[in-house]
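Colleague: Below is the file run_31.cif, which contains mmCIF, C-alpha atoms and all ligand atoms.
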```cif
data_input
loop_
_atom_site.group_PDB
_atom_site.id
_atom_site.type_symbol
_atom_site.label_atom_id
_atom_site.label_comp_id
_atom_site.auth_asym_id
_atom_site.auth_seq_id
_atom_site.Cartn_x
_atom_site.Cartn_y
_atom_site.Cartn_z
ATOM 1 C CA MET A 1421 1.568 31.912 -15.849
ATOM 2 C CA VAL A 1422 0.661 28.709 -17.723
ATOM 3 C CA GLU A 1423 4.157 27.206 -17.993
ATOM 4 C CA LEU A 1424 5.439 28.302 -14.585
ATOM 5 C CA ILE A 1425 4.690 24.983 -12.938
ATOM 6 C CA PRO A 1426 5.496 22.061 -15.271
ATOM 7 C CA SER A 1427 2.897 19.309 -15.681
ATOM 8 C CA GLN A 1428 3.409 15.907 -14.047
ATOM 9 C CA ASP A 1429 4.264 14.584 -17.519
ATOM 10 C CA ALA A 1430 6.922 17.249 -18.050
ATOM 11 C CA VAL A 1431 8.430 16.447 -14.631
ATOM 12 C CA MET A 1432 8.471 12.746 -15.495
ATOM 13 C CA GLN A 1433 10.255 13.520 -18.787
ATOM 14 C CA ILE A 1434 12.967 15.392 -16.868
ATOM 15 C CA LEU A 1435 13.387 12.503 -14.413
ATOM 16 C CA LYS A 1436 13.614 9.942 -17.222
ATOM 17 C CA ARG A 1437 16.042 12.028 -19.262
ATOM 18 C CA THR A 1438 18.425 12.482 -16.334
ATOM 19 C CA GLY A 1439 18.188 8.847 -15.189
ATOM 20 C CA ALA A 1440 16.506 9.814 -11.926
ATOM 21 C CA PHE A 1441 13.563 7.582 -12.856
ATOM 22 C CA ARG A 1442 14.412 4.110 -14.136
ATOM 23 C CA GLU A 1443 12.241 1.277 -15.357
ATOM 24 C CA GLY A 1444 13.132 -2.410 -15.212
ATOM 25 C CA HIS A 1445 13.214 -4.960 -12.404
ATOM 26 C CA PHE A 1446 14.674 -3.750 -9.127
ATOM 27 C CA ILE A 1447 15.246 -5.597 -5.860
ATOM 28 C CA TYR A 1448 15.496 -3.449 -2.748
ATOM 29 C CA PRO A 1449 17.625 -4.213 0.345
ATOM 30 C CA ASN A 1450 14.415 -5.071 2.260
ATOM 31 C CA GLY A 1451 13.718 -7.811 -0.316
ATOM 32 C CA LYS A 1452 10.873 -6.017 -2.093
ATOM 33 C CA HIS A 1453 10.631 -6.058 -5.890
ATOM 34 C CA SER A 1454 9.570 -3.180 -8.110
ATOM 35 C CA PRO A 1455 9.430 -2.305 -11.839
ATOM 36 C CA HIS A 1456 10.647 1.236 -11.109
ATOM 37 C CA TYR A 1457 13.403 3.006 -9.236
ATOM 38 C CA PHE A 1458 13.979 6.651 -8.316
ATOM 39 C CA GLN A 1459 17.455 8.060 -7.740
ATOM 40 C CA MET A 1460 16.559 11.749 -7.477
ATOM 41 C CA PRO A 1461 20.090 13.209 -7.074
ATOM 42 C CA LEU A 1462 20.700 12.183 -10.699
ATOM 43 C CA ALA A 1463 18.241 14.922 -11.729
ATOM 44 C CA PHE A 1464 19.852 17.397 -9.329
ATOM 45 C CA ARG A 1465 23.369 16.949 -10.703
ATOM 46 C CA TYR A 1466 22.435 19.220 -13.628
ATOM 47 C CA TYR A 1467 22.130 22.815 -12.493
ATOM 48 C CA ASP A 1468 19.481 23.766 -15.076
ATOM 49 C CA THR A 1469 17.289 20.786 -14.231
ATOM 50 C CA ALA A 1470 17.726 21.335 -10.503
ATOM 51 C CA ARG A 1471 16.688 24.947 -10.917
ATOM 52 C CA VAL A 1472 13.574 24.173 -12.978
ATOM 53 C CA LEU A 1473 12.370 21.615 -10.414
ATOM 54 C CA ALA A 1474 13.149 23.689 -7.312
ATOM 55 C CA VAL A 1475 11.658 26.880 -8.752
ATOM 56 C CA ALA A 1476 8.490 25.001 -9.729
ATOM 57 C CA LEU A 1477 8.111 23.613 -6.203
ATOM 58 C CA SER A 1478 8.767 27.040 -4.699
ATOM 59 C CA ARG A 1479 5.852 28.459 -6.720
ATOM 60 C CA LYS A 1480 3.469 26.048 -5.032
ATOM 61 C CA PHE A 1481 4.624 27.374 -1.663
ATOM 62 C CA ARG A 1482 4.474 31.006 -2.686
ATOM 63 C CA LEU A 1483 0.774 30.580 -3.528
ATOM 64 C CA GLU A 1484 0.089 29.827 0.144
ATOM 65 C CA LYS A 1485 -0.777 32.915 2.200
ATOM 66 C CA ASP A 1486 0.653 31.499 5.412
ATOM 67 C CA ILE A 1487 4.027 31.209 3.661
ATOM 68 C CA SER A 1488 4.102 34.259 1.386
ATOM 69 C CA SER A 1489 3.029 36.541 4.249
ATOM 70 C CA GLN A 1490 5.975 35.410 6.414
ATOM 71 C CA LEU A 1491 8.741 35.629 3.819
ATOM 72 C CA PRO A 1492 11.642 36.214 4.088
ATOM 73 C CA LYS A 1493 11.555 35.133 7.759
ATOM 74 C CA VAL A 1494 11.138 31.491 6.835
ATOM 75 C CA ALA A 1495 13.427 28.463 7.157
ATOM 76 C CA VAL A 1496 13.640 25.782 4.472
ATOM 77 C CA ILE A 1497 14.521 22.415 5.992
ATOM 78 C CA SER A 1498 15.547 19.108 4.446
ATOM 79 C CA PRO A 1499 15.060 15.825 6.344
ATOM 80 C CA SER A 1500 18.215 14.307 4.781
ATOM 81 C CA SER A 1501 21.095 14.841 2.354
ATOM 82 C CA GLY A 1502 18.974 13.994 -0.717
ATOM 83 C CA GLY A 1503 16.774 17.010 -0.062
ATOM 84 C CA ILE A 1504 19.614 19.506 0.409
ATOM 85 C CA PRO A 1505 19.802 20.659 -3.251
ATOM 86 C CA VAL A 1506 15.996 20.966 -3.275
ATOM 87 C CA ALA A 1507 16.097 23.008 -0.081
ATOM 88 C CA PHE A 1508 18.793 25.341 -1.459
ATOM 89 C CA GLY A 1509 16.866 25.806 -4.718
ATOM 90 C CA VAL A 1510 13.564 26.497 -2.965
ATOM 91 C CA ARG A 1511 15.241 28.841 -0.494
ATOM 92 C CA ASP A 1512 16.826 30.744 -3.339
ATOM 93 C CA ALA A 1513 13.565 31.073 -5.289
ATOM 94 C CA LEU A 1514 11.615 32.224 -2.222
ATOM 95 C CA ASN A 1515 14.466 34.337 -0.877
ATOM 96 C CA ALA A 1516 13.880 32.715 2.516
ATOM 97 C CA GLU A 1517 16.246 33.646 5.311
ATOM 98 C CA GLN A 1518 17.360 30.290 6.698
ATOM 99 C CA ILE A 1519 18.263 26.802 5.603
ATOM 100 C CA TYR A 1520 18.787 23.691 7.718
ATOM 101 C CA TRP A 1521 19.092 19.998 7.093
ATOM 102 C CA ALA A 1522 18.864 16.963 9.319
ATOM 103 C CA GLU A 1523 21.064 13.886 9.228
ATOM 104 C CA GLN A 1524 20.860 10.432 10.753
ATOM 105 C CA GLU A 1525 23.172 10.128 13.726
ATOM 106 C CA THR A 1526 23.216 6.741 15.434
ATOM 107 C CA GLY A 1527 19.764 6.033 14.000
ATOM 108 C CA LYS A 1528 18.240 9.325 15.163
ATOM 109 C CA ARG A 1529 17.369 12.274 12.897
ATOM 110 C CA MET A 1530 19.184 15.360 14.176
ATOM 111 C CA PHE A 1531 20.398 18.830 13.241
ATOM 112 C CA ARG A 1532 24.042 19.764 13.708
ATOM 113 C CA GLN A 1533 25.057 20.572 17.255
ATOM 114 C CA TYR A 1534 24.338 24.094 18.568
ATOM 115 C CA VAL A 1535 21.117 24.602 16.605
ATOM 116 C CA ASN A 1536 19.119 25.878 19.554
ATOM 117 C CA GLN A 1537 15.517 26.176 20.629
ATOM 118 C CA GLY A 1538 13.818 29.280 19.239
ATOM 119 C CA GLU A 1539 16.431 29.979 16.544
ATOM 120 C CA ILE A 1540 14.579 28.467 13.601
ATOM 121 C CA ASN A 1541 12.044 30.573 11.674
ATOM 122 C CA PRO A 1542 8.629 29.122 10.801
ATOM 123 C CA CYS A 1543 9.607 26.402 8.376
ATOM 124 C CA ILE A 1544 8.895 24.625 5.130
ATOM 125 C CA ILE A 1545 10.112 21.022 5.034
ATOM 126 C CA VAL A 1546 11.197 19.903 1.556
ATOM 127 C CA ASP A 1547 12.619 16.650 0.244
ATOM 128 C CA ASP A 1548 13.480 15.238 -3.168
ATOM 129 C CA ILE A 1549 11.045 12.330 -2.769
ATOM 130 C CA ILE A 1550 8.500 11.265 -0.147
ATOM 131 C CA ARG A 1551 8.146 7.493 -0.058
ATOM 132 C CA SER A 1552 6.615 6.442 3.278
ATOM 133 C CA GLY A 1553 6.591 9.875 4.884
ATOM 134 C CA ASN A 1554 8.666 8.628 7.853
ATOM 135 C CA ALA A 1555 11.577 10.996 7.194
ATOM 136 C CA ILE A 1556 9.193 13.965 6.992
ATOM 137 C CA GLN A 1557 7.386 12.925 10.173
ATOM 138 C CA GLU A 1558 10.659 12.560 12.084
ATOM 139 C CA THR A 1559 11.687 16.021 10.869
ATOM 140 C CA VAL A 1560 8.327 17.445 11.961
ATOM 141 C CA ASP A 1561 8.942 16.018 15.446
ATOM 142 C CA LEU A 1562 12.480 17.413 15.446
ATOM 143 C CA VAL A 1563 11.499 20.982 14.517
ATOM 144 C CA LYS A 1564 8.554 20.945 16.933
ATOM 145 C CA SER A 1565 10.935 19.971 19.738
ATOM 146 C CA LEU A 1566 12.775 23.230 18.915
ATOM 147 C CA ASP A 1567 9.516 25.232 19.174
ATOM 148 C CA THR A 1568 9.307 25.925 15.444
ATOM 149 C CA ARG A 1569 6.044 26.076 13.513
ATOM 150 C CA ILE A 1570 5.641 24.116 10.262
ATOM 151 C CA ILE A 1571 4.000 26.246 7.561
ATOM 152 C CA GLY A 1572 4.583 24.025 4.538
ATOM 153 C CA CYS A 1573 5.782 20.670 3.340
ATOM 154 C CA GLY A 1574 6.572 19.216 -0.076
ATOM 155 C CA ALA A 1575 8.780 17.279 -2.454
ATOM 156 C CA ILE A 1576 9.481 16.890 -6.145
ATOM 157 C CA VAL A 1577 7.880 13.416 -6.122
ATOM 158 C CA ARG A 1578 5.338 11.993 -3.672
ATOM 159 C CA PHE A 1579 4.492 8.290 -3.677
ATOM 160 C CA ASP A 1580 0.729 7.813 -3.528
ATOM 161 C CA THR A 1581 1.324 5.594 -0.478
ATOM 162 C CA ALA A 1582 2.720 8.581 1.483
ATOM 163 C CA PRO A 1583 0.489 10.886 3.529
ATOM 164 C CA SER A 1584 -1.126 13.735 1.580
ATOM 165 C CA GLU A 1585 -1.286 15.940 4.691
ATOM 166 C CA ILE A 1586 1.296 16.788 7.329
ATOM 167 C CA GLU A 1587 0.460 18.819 10.438
ATOM 168 C CA GLY A 1588 -2.948 19.700 9.010
ATOM 169 C CA GLY A 1589 -1.533 21.137 5.778
ATOM 170 C CA PRO A 1590 -1.311 19.609 2.293
ATOM 171 C CA VAL A 1591 1.904 17.961 1.091
ATOM 172 C CA ARG A 1592 2.883 19.787 -2.107
ATOM 173 C CA SER A 1593 4.540 17.892 -4.943
ATOM 174 C CA LEU A 1594 5.290 18.287 -8.637
ATOM 175 C CA MET A 1595 4.376 14.678 -9.326
ATOM 176 C CA ASP A 1596 2.346 12.032 -7.482
ATOM 177 C CA PHE A 1597 3.496 8.556 -8.349
ATOM 178 C CA ASP A 1598 1.483 5.340 -8.427
ATOM 179 C CA VAL A 1599 3.869 2.946 -6.645
ATOM 180 C CA LYS A 1600 4.182 -0.721 -7.556
ATOM 181 C CA MET A 1601 6.028 -2.652 -4.873
ATOM 182 C CA TYR A 1602 5.905 -6.441 -4.422
ATOM 183 C CA ASP A 1603 6.766 -8.251 -1.193
ATOM 184 C CA ASN A 1604 8.441 -11.230 -2.868
ATOM 185 C CA GLU A 1605 9.207 -12.908 -6.174
ATOM 186 C CA GLN A 1606 5.972 -14.905 -6.195
ATOM 187 C CA GLN A 1607 4.009 -11.650 -6.434
ATOM 188 C CA CYS A 1608 6.396 -9.892 -8.831
ATOM 189 C CA PRO A 1609 5.303 -9.797 -12.514
ATOM 190 C CA GLU A 1610 8.907 -9.170 -13.669
ATOM 191 C CA CYS A 1611 10.093 -12.330 -11.859
ATOM 192 C CA LYS A 1612 7.288 -14.291 -13.519
ATOM 193 C CA ALA A 1613 8.336 -12.880 -16.913
ATOM 194 C CA LYS A 1614 11.966 -13.899 -16.106
ATOM 195 C CA VAL A 1615 13.277 -10.347 -16.477
ATOM 196 C CA PRO A 1616 16.761 -10.284 -14.823
ATOM 197 C CA GLY A 1617 16.639 -8.410 -11.489
ATOM 198 C CA GLU A 1618 18.968 -5.645 -10.399
ATOM 199 C CA GLN A 1619 19.927 -5.077 -6.743
ATOM 200 C CA VAL A 1620 19.627 -1.453 -5.648
ATOM 201 C CA ARG A 1621 21.311 -0.016 -2.545
ATOM 202 C CA PHE A 1622 18.314 1.775 -1.060
HETATM 203 ZN ZN ZN B 1 10.901 -9.516 -9.107
#
```
What is this file in structure tokens?
Ligand SMILES: [Zn+2]

Modeller:
Amino acid sequence: MVELIPSQDAVMQILKRTGAFREGHFIYPNGKHSPHYFQMPLAFRYYDTARVLAVALSRKFRLEKDISSQLPKVAVISPSSGGIPVAFGVRDALNAEQIYWAEQETGKRMFRQYVNQGEINPCIIVDDIIRSGNAIQETVDLVKSLDTRIIGCGAIVRFDTAPSEIEGGPVRSLMDFDVKMYDNEQQCPECKAKVPGEQVRF
């Protein structure tokens, strides 16, 4: 059982190797500066890597009685497109019955039309990365409006600035990351060291 869930170090090695975690000097659209950047779909473009990460996350959920006792009548839900490969991988590993994902439509997080009240099984919300926790919280509100119970929540990476609990349950992750984010160039050590900055899209 020892190697079934990779260590945080092993997860970081995978993210570095695939380019999903990058180090340097990054400038975000909101003007913030950071020495690191995550682009998680780069890890999920390789099937083997995607499988290792999703299976590992699924094992954390399977250890929870409230989840394992309800399988397979469980839904795995992603807040956005980035979490879809994670949701499919976790669903597959748990053999859960349903999968859904939300998308932003005119600024509002929604499911596709004709997903109706009462149709969604008790759910696990999974994402590739949890930064602020806003996307997860909006998804919690969305599934609750459809009378669905949330029995789990997690991501491959969780920023340490994100909530560690959602709806009274722990947020599961394979790696918790110590975020360094600077409001402007005056505060940014890379700017001070004259490291050239790179604009990132989001
Ligand atoms: Zn900077």

Colleague: List all protein, DNA and RNA residues that have an atom no more than 10 Å from any atom of ligand ZN 1 (chain B), counting all atoms listed in the file, and report them as number ranges by chain.

Modeller: A: 1444-1448, 1451-1455, 1601-1618

Colleague: Using only C-alpha atoms, which protein or nucleic acid residues come within 12 Å of Gln1557 in chain A? Drop anything in the same chain fewer than 3 positions from it, and give the result as an MDAnalysis selection string.

Modeller: chainID A and resid 1498:1499 1529 1545:1547 1550:1554 1560:1564 1570 1573 1582:1583 1585:1587 1591

Colleague: Mind dumping the selected residues with C-alpha atoms as a short mmCIF file (atom, residue, chain, number, x, y, z; two decimals), in the frame of the given file?

Modeller:
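Here's the written file again_25.cif:
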```
data_model
loop_
_atom_site.label_atom_id
_atom_site.label_comp_id
_atom_site.auth_asym_id
_atom_site.auth_seq_id
_atom_site.Cartn_x
_atom_site.Cartn_y
_atom_site.Cartn_z
CA SER A 1498 15.55 19.11 4.45
CA PRO A 1499 15.06 15.82 6.34
CA ARG A 1529 17.37 12.27 12.90
CA ILE A 1545 10.11 21.02 5.03
CA VAL A 1546 11.20 19.90 1.56
CA ASP A 1547 12.62 16.65 0.24
CA ILE A 1550 8.50 11.26 -0.15
CA ARG A 1551 8.15 7.49 -0.06
CA SER A 1552 6.62 6.44 3.28
CA GLY A 1553 6.59 9.88 4.88
CA ASN A 1554 8.67 8.63 7.85
CA VAL A 1560 8.33 17.44 11.96
CA ASP A 1561 8.94 16.02 15.45
CA LEU A 1562 12.48 17.41 15.45
CA VAL A 1563 11.50 20.98 14.52
CA LYS A 1564 8.55 20.94 16.93
CA ILE A 1570 5.64 24.12 10.26
CA CYS A 1573 5.78 20.67 3.34
CA ALA A 1582 2.72 8.58 1.48
CA PRO A 1583 0.49 10.89 3.53
CA GLU A 1585 -1.29 15.94 4.69
CA ILE A 1586 1.30 16.79 7.33
CA GLU A 1587 0.46 18.82 10.44
CA VAL A 1591 1.90 17.96 1.09
#
```

Colleague: By how many Å are CA of Pro1461 in chain A and CA of Gly1502 in chain A apart?

Modeller: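 Distance reported for this atom pair: 6.5 Å.
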
Colleague: Which residue is closest to Leu1473 in chain A? Choose from A:Thr1559, A:Gln1428, A:Asn1541, A:Gln1490 and count all atoms listed in the file.

Modeller: A:Gln1428

Colleague: Please list, as a PyMOL selection string, the residues that have an atom at most 6 Å away from (16.4, 9.3, -10.0) in the coordinates of this file, counting all atoms listed in the file.

Modeller: chain A and resi 1439-1441+1458-1460+1462

Colleague: Could those residues be written to a file, using C-alpha atoms, as a PDB file, keeping the file's coordinate frame?

Modeller:
```pdb
ATOM      1  CA  GLY A1439      18.188   8.847 -15.189  1.00  0.00           C
ATOM      2  CA  ALA A1440      16.506   9.814 -11.926  1.00  0.00           C
ATOM      3  CA  PHE A1441      13.563   7.582 -12.856  1.00  0.00           C
ATOM      4  CA  PHE A1458      13.979   6.651  -8.316  1.00  0.00           C
ATOM      5  CA  GLN A1459      17.455   8.060  -7.740  1.00  0.00           C
ATOM      6  CA  MET A1460      16.559  11.749  -7.477  1.00  0.00           C
ATOM      7  CA  LEU A1462      20.700  12.183 -10.699  1.00  0.00           C
TER       8      LEU A1462
END
```

Colleague: To test your reading of the syntax: which residues would the PyMOL selection byres (((chain A and resi 1622) around 8) and not hetatm) return for the file shown? Reply as a compact mmCIF listing (two decimals) with C-alpha atoms, in the frame of the given file.

Modeller:
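The result, stored in part-v6.txt:
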```txt
# COMPACT_ATOMS: atom_id res chain seq x y z
CA TYR A 1448 15.50 -3.45 -2.75
CA PRO A 1449 17.62 -4.21 0.34
CA VAL A 1620 19.63 -1.45 -5.65
CA ARG A 1621 21.31 -0.02 -2.54
```

Colleague: Counting all atoms listed in the file, which of A:Glu1484, A:Arg1465, A:Tyr1520, A:Gly1509 gets nearest to Pro1590 in chain A?

Modeller: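 So, comparing all the options, the nearest one is A:Glu1484.
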
Colleague: Select, from A:Asn1515, A:Ser1427, A:Gln1524, A:Ser1478, the residue with the minimum atom-to-atom distance to Ala1555 in chain A, counting all atoms listed in the file.

Modeller: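 With all atoms listed in the file as the atom set, the closest residue is A:Gln1524.
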
Colleague: Please, what distance in Å, to one decimal, runs between CA of Thr1438 in chain A and CA of Ala1463 in chain A?

Modeller: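 Separation of CA of Thr1438 in chain A and CA of Ala1463 in chain A: 5.2 Å.
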
Colleague: Please, what distance in Å, to one decimal, runs between CA of Ser1489 in chain A and CA of Leu1477 in chain A?

Modeller: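 Computing the Euclidean distance for CA of Ser1489 in chain A and CA of Leu1477 in chain A yields 17.4 Å.
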
Colleague: Give the answer as one residue: which of A:Val1506, A:Leu1491, A:Met1530, A:Ala1430 has the shortest atom-to-atom distance to Gly1574 in chain A, using only C-alpha atoms?

Modeller: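 For Gly1574 in chain A, the nearest of the given residues is A:Val1506.
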
Colleague: Once the PyMOL selection byres (((chain A and resi 1426) around 12) and not hetatm) has been applied to the shown file, what residues remain in the selection, as a ChimeraX atom specification?

Modeller: /A:1421-1425,1427-1434,1469,1472-1477,1479-1480,1576,1593-1595

Colleague: Kindly complete range 1588-1613 of chain A to N, CA, C and O atoms; the output should be written as a CSV table (one decimal), in the coordinates of the input.

Modeller:
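The resulting file, selection15.csv, is shown below:
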```
chain,number,residue,atom,x,y,z
A,1588,GLY,N,-1.7,19.0,9.4
A,1588,GLY,CA,-2.9,19.7,9.0
A,1588,GLY,C,-2.9,20.5,7.7
A,1588,GLY,O,-3.8,21.1,7.3
A,1589,GLY,N,-1.7,20.4,7.1
A,1589,GLY,CA,-1.5,21.1,5.8
A,1589,GLY,C,-1.2,20.1,4.7
A,1589,GLY,O,-0.8,19.0,4.9
A,1590,PRO,N,-1.5,20.5,3.4
A,1590,PRO,CA,-1.3,19.6,2.3
A,1590,PRO,C,0.2,19.4,2.0
A,1590,PRO,O,1.0,20.3,2.2
A,1591,VAL,N,0.5,18.2,1.6
A,1591,VAL,CA,1.9,18.0,1.1
A,1591,VAL,C,1.9,18.4,-0.4
A,1591,VAL,O,1.2,17.8,-1.2
A,1592,ARG,N,2.8,19.3,-0.7
A,1592,ARG,CA,2.9,19.8,-2.1
A,1592,ARG,C,3.9,18.9,-2.9
A,1592,ARG,O,4.9,18.6,-2.3
A,1593,SER,N,3.6,18.6,-4.1
A,1593,SER,CA,4.5,17.9,-4.9
A,1593,SER,C,4.3,18.3,-6.4
A,1593,SER,O,3.3,18.8,-6.8
A,1594,LEU,N,5.4,18.0,-7.2
A,1594,LEU,CA,5.3,18.3,-8.6
A,1594,LEU,C,4.7,17.1,-9.4
A,1594,LEU,O,4.2,17.2,-10.4
A,1595,MET,N,4.8,15.9,-8.7
A,1595,MET,CA,4.4,14.7,-9.3
A,1595,MET,C,4.0,13.7,-8.2
A,1595,MET,O,4.7,13.4,-7.3
A,1596,ASP,N,2.8,13.1,-8.4
A,1596,ASP,CA,2.3,12.0,-7.5
A,1596,ASP,C,2.5,10.7,-8.3
A,1596,ASP,O,2.1,10.6,-9.4
A,1597,PHE,N,3.1,9.8,-7.6
A,1597,PHE,CA,3.5,8.6,-8.3
A,1597,PHE,C,2.8,7.3,-7.8
A,1597,PHE,O,2.7,7.1,-6.6
A,1598,ASP,N,2.2,6.6,-8.7
A,1598,ASP,CA,1.5,5.3,-8.4
A,1598,ASP,C,2.5,4.2,-8.2
A,1598,ASP,O,3.0,3.7,-9.2
A,1599,VAL,N,2.8,3.9,-7.0
A,1599,VAL,CA,3.9,2.9,-6.6
A,1599,VAL,C,3.5,1.5,-6.9
A,1599,VAL,O,2.4,1.1,-6.5
A,1600,LYS,N,4.4,0.7,-7.5
A,1600,LYS,CA,4.2,-0.7,-7.6
A,1600,LYS,C,5.3,-1.4,-6.8
A,1600,LYS,O,6.5,-1.3,-7.2
A,1601,MET,N,5.0,-2.0,-5.7
A,1601,MET,CA,6.0,-2.7,-4.9
A,1601,MET,C,5.5,-4.0,-4.5
A,1601,MET,O,4.4,-4.2,-4.0
A,1602,TYR,N,6.3,-5.1,-4.7
A,1602,TYR,CA,5.9,-6.4,-4.4
A,1602,TYR,C,6.8,-7.0,-3.3
A,1602,TYR,O,8.0,-6.8,-3.3
A,1603,ASP,N,6.1,-7.7,-2.4
A,1603,ASP,CA,6.8,-8.3,-1.2
A,1603,ASP,C,7.8,-9.4,-1.5
A,1603,ASP,O,8.7,-9.5,-0.8
A,1604,ASN,N,7.5,-10.1,-2.6
A,1604,ASN,CA,8.4,-11.2,-2.9
A,1604,ASN,C,8.3,-11.6,-4.3
A,1604,ASN,O,7.5,-11.1,-5.1
A,1605,GLU,N,9.2,-12.6,-4.7
A,1605,GLU,CA,9.2,-12.9,-6.2
A,1605,GLU,C,7.9,-13.6,-6.7
A,1605,GLU,O,7.6,-13.4,-7.9
A,1606,GLN,N,7.2,-14.3,-5.8
A,1606,GLN,CA,6.0,-14.9,-6.2
A,1606,GLN,C,5.0,-13.9,-6.7
A,1606,GLN,O,4.2,-14.1,-7.6
A,1607,GLN,N,5.0,-12.7,-6.1
A,1607,GLN,CA,4.0,-11.6,-6.4
A,1607,GLN,C,4.5,-10.8,-7.6
A,1607,GLN,O,3.7,-10.0,-8.1
A,1608,CYS,N,5.8,-10.9,-7.9
A,1608,CYS,CA,6.4,-9.9,-8.8
A,1608,CYS,C,6.2,-10.3,-10.3
A,1608,CYS,O,6.7,-11.4,-10.7
A,1609,PRO,N,5.5,-9.5,-11.1
A,1609,PRO,CA,5.3,-9.8,-12.5
A,1609,PRO,C,6.6,-9.9,-13.3
A,1609,PRO,O,6.7,-10.7,-14.2
A,1610,GLU,N,7.6,-9.1,-12.9
A,1610,GLU,CA,8.9,-9.2,-13.7
A,1610,GLU,C,9.6,-10.5,-13.4
A,1610,GLU,O,10.2,-11.1,-14.3
A,1611,CYS,N,9.5,-11.0,-12.2
A,1611,CYS,CA,10.1,-12.3,-11.9
A,1611,CYS,C,9.4,-13.4,-12.7
A,1611,CYS,O,10.0,-14.3,-13.3
A,1612,LYS,N,8.1,-13.3,-12.7
A,1612,LYS,CA,7.3,-14.3,-13.5
A,1612,LYS,C,7.7,-14.2,-15.0
A,1612,LYS,O,7.7,-15.3,-15.7
A,1613,ALA,N,8.0,-13.0,-15.5
A,1613,ALA,CA,8.3,-12.9,-16.9
A,1613,ALA,C,9.8,-13.2,-17.1
A,1613,ALA,O,10.3,-13.0,-18.2
```
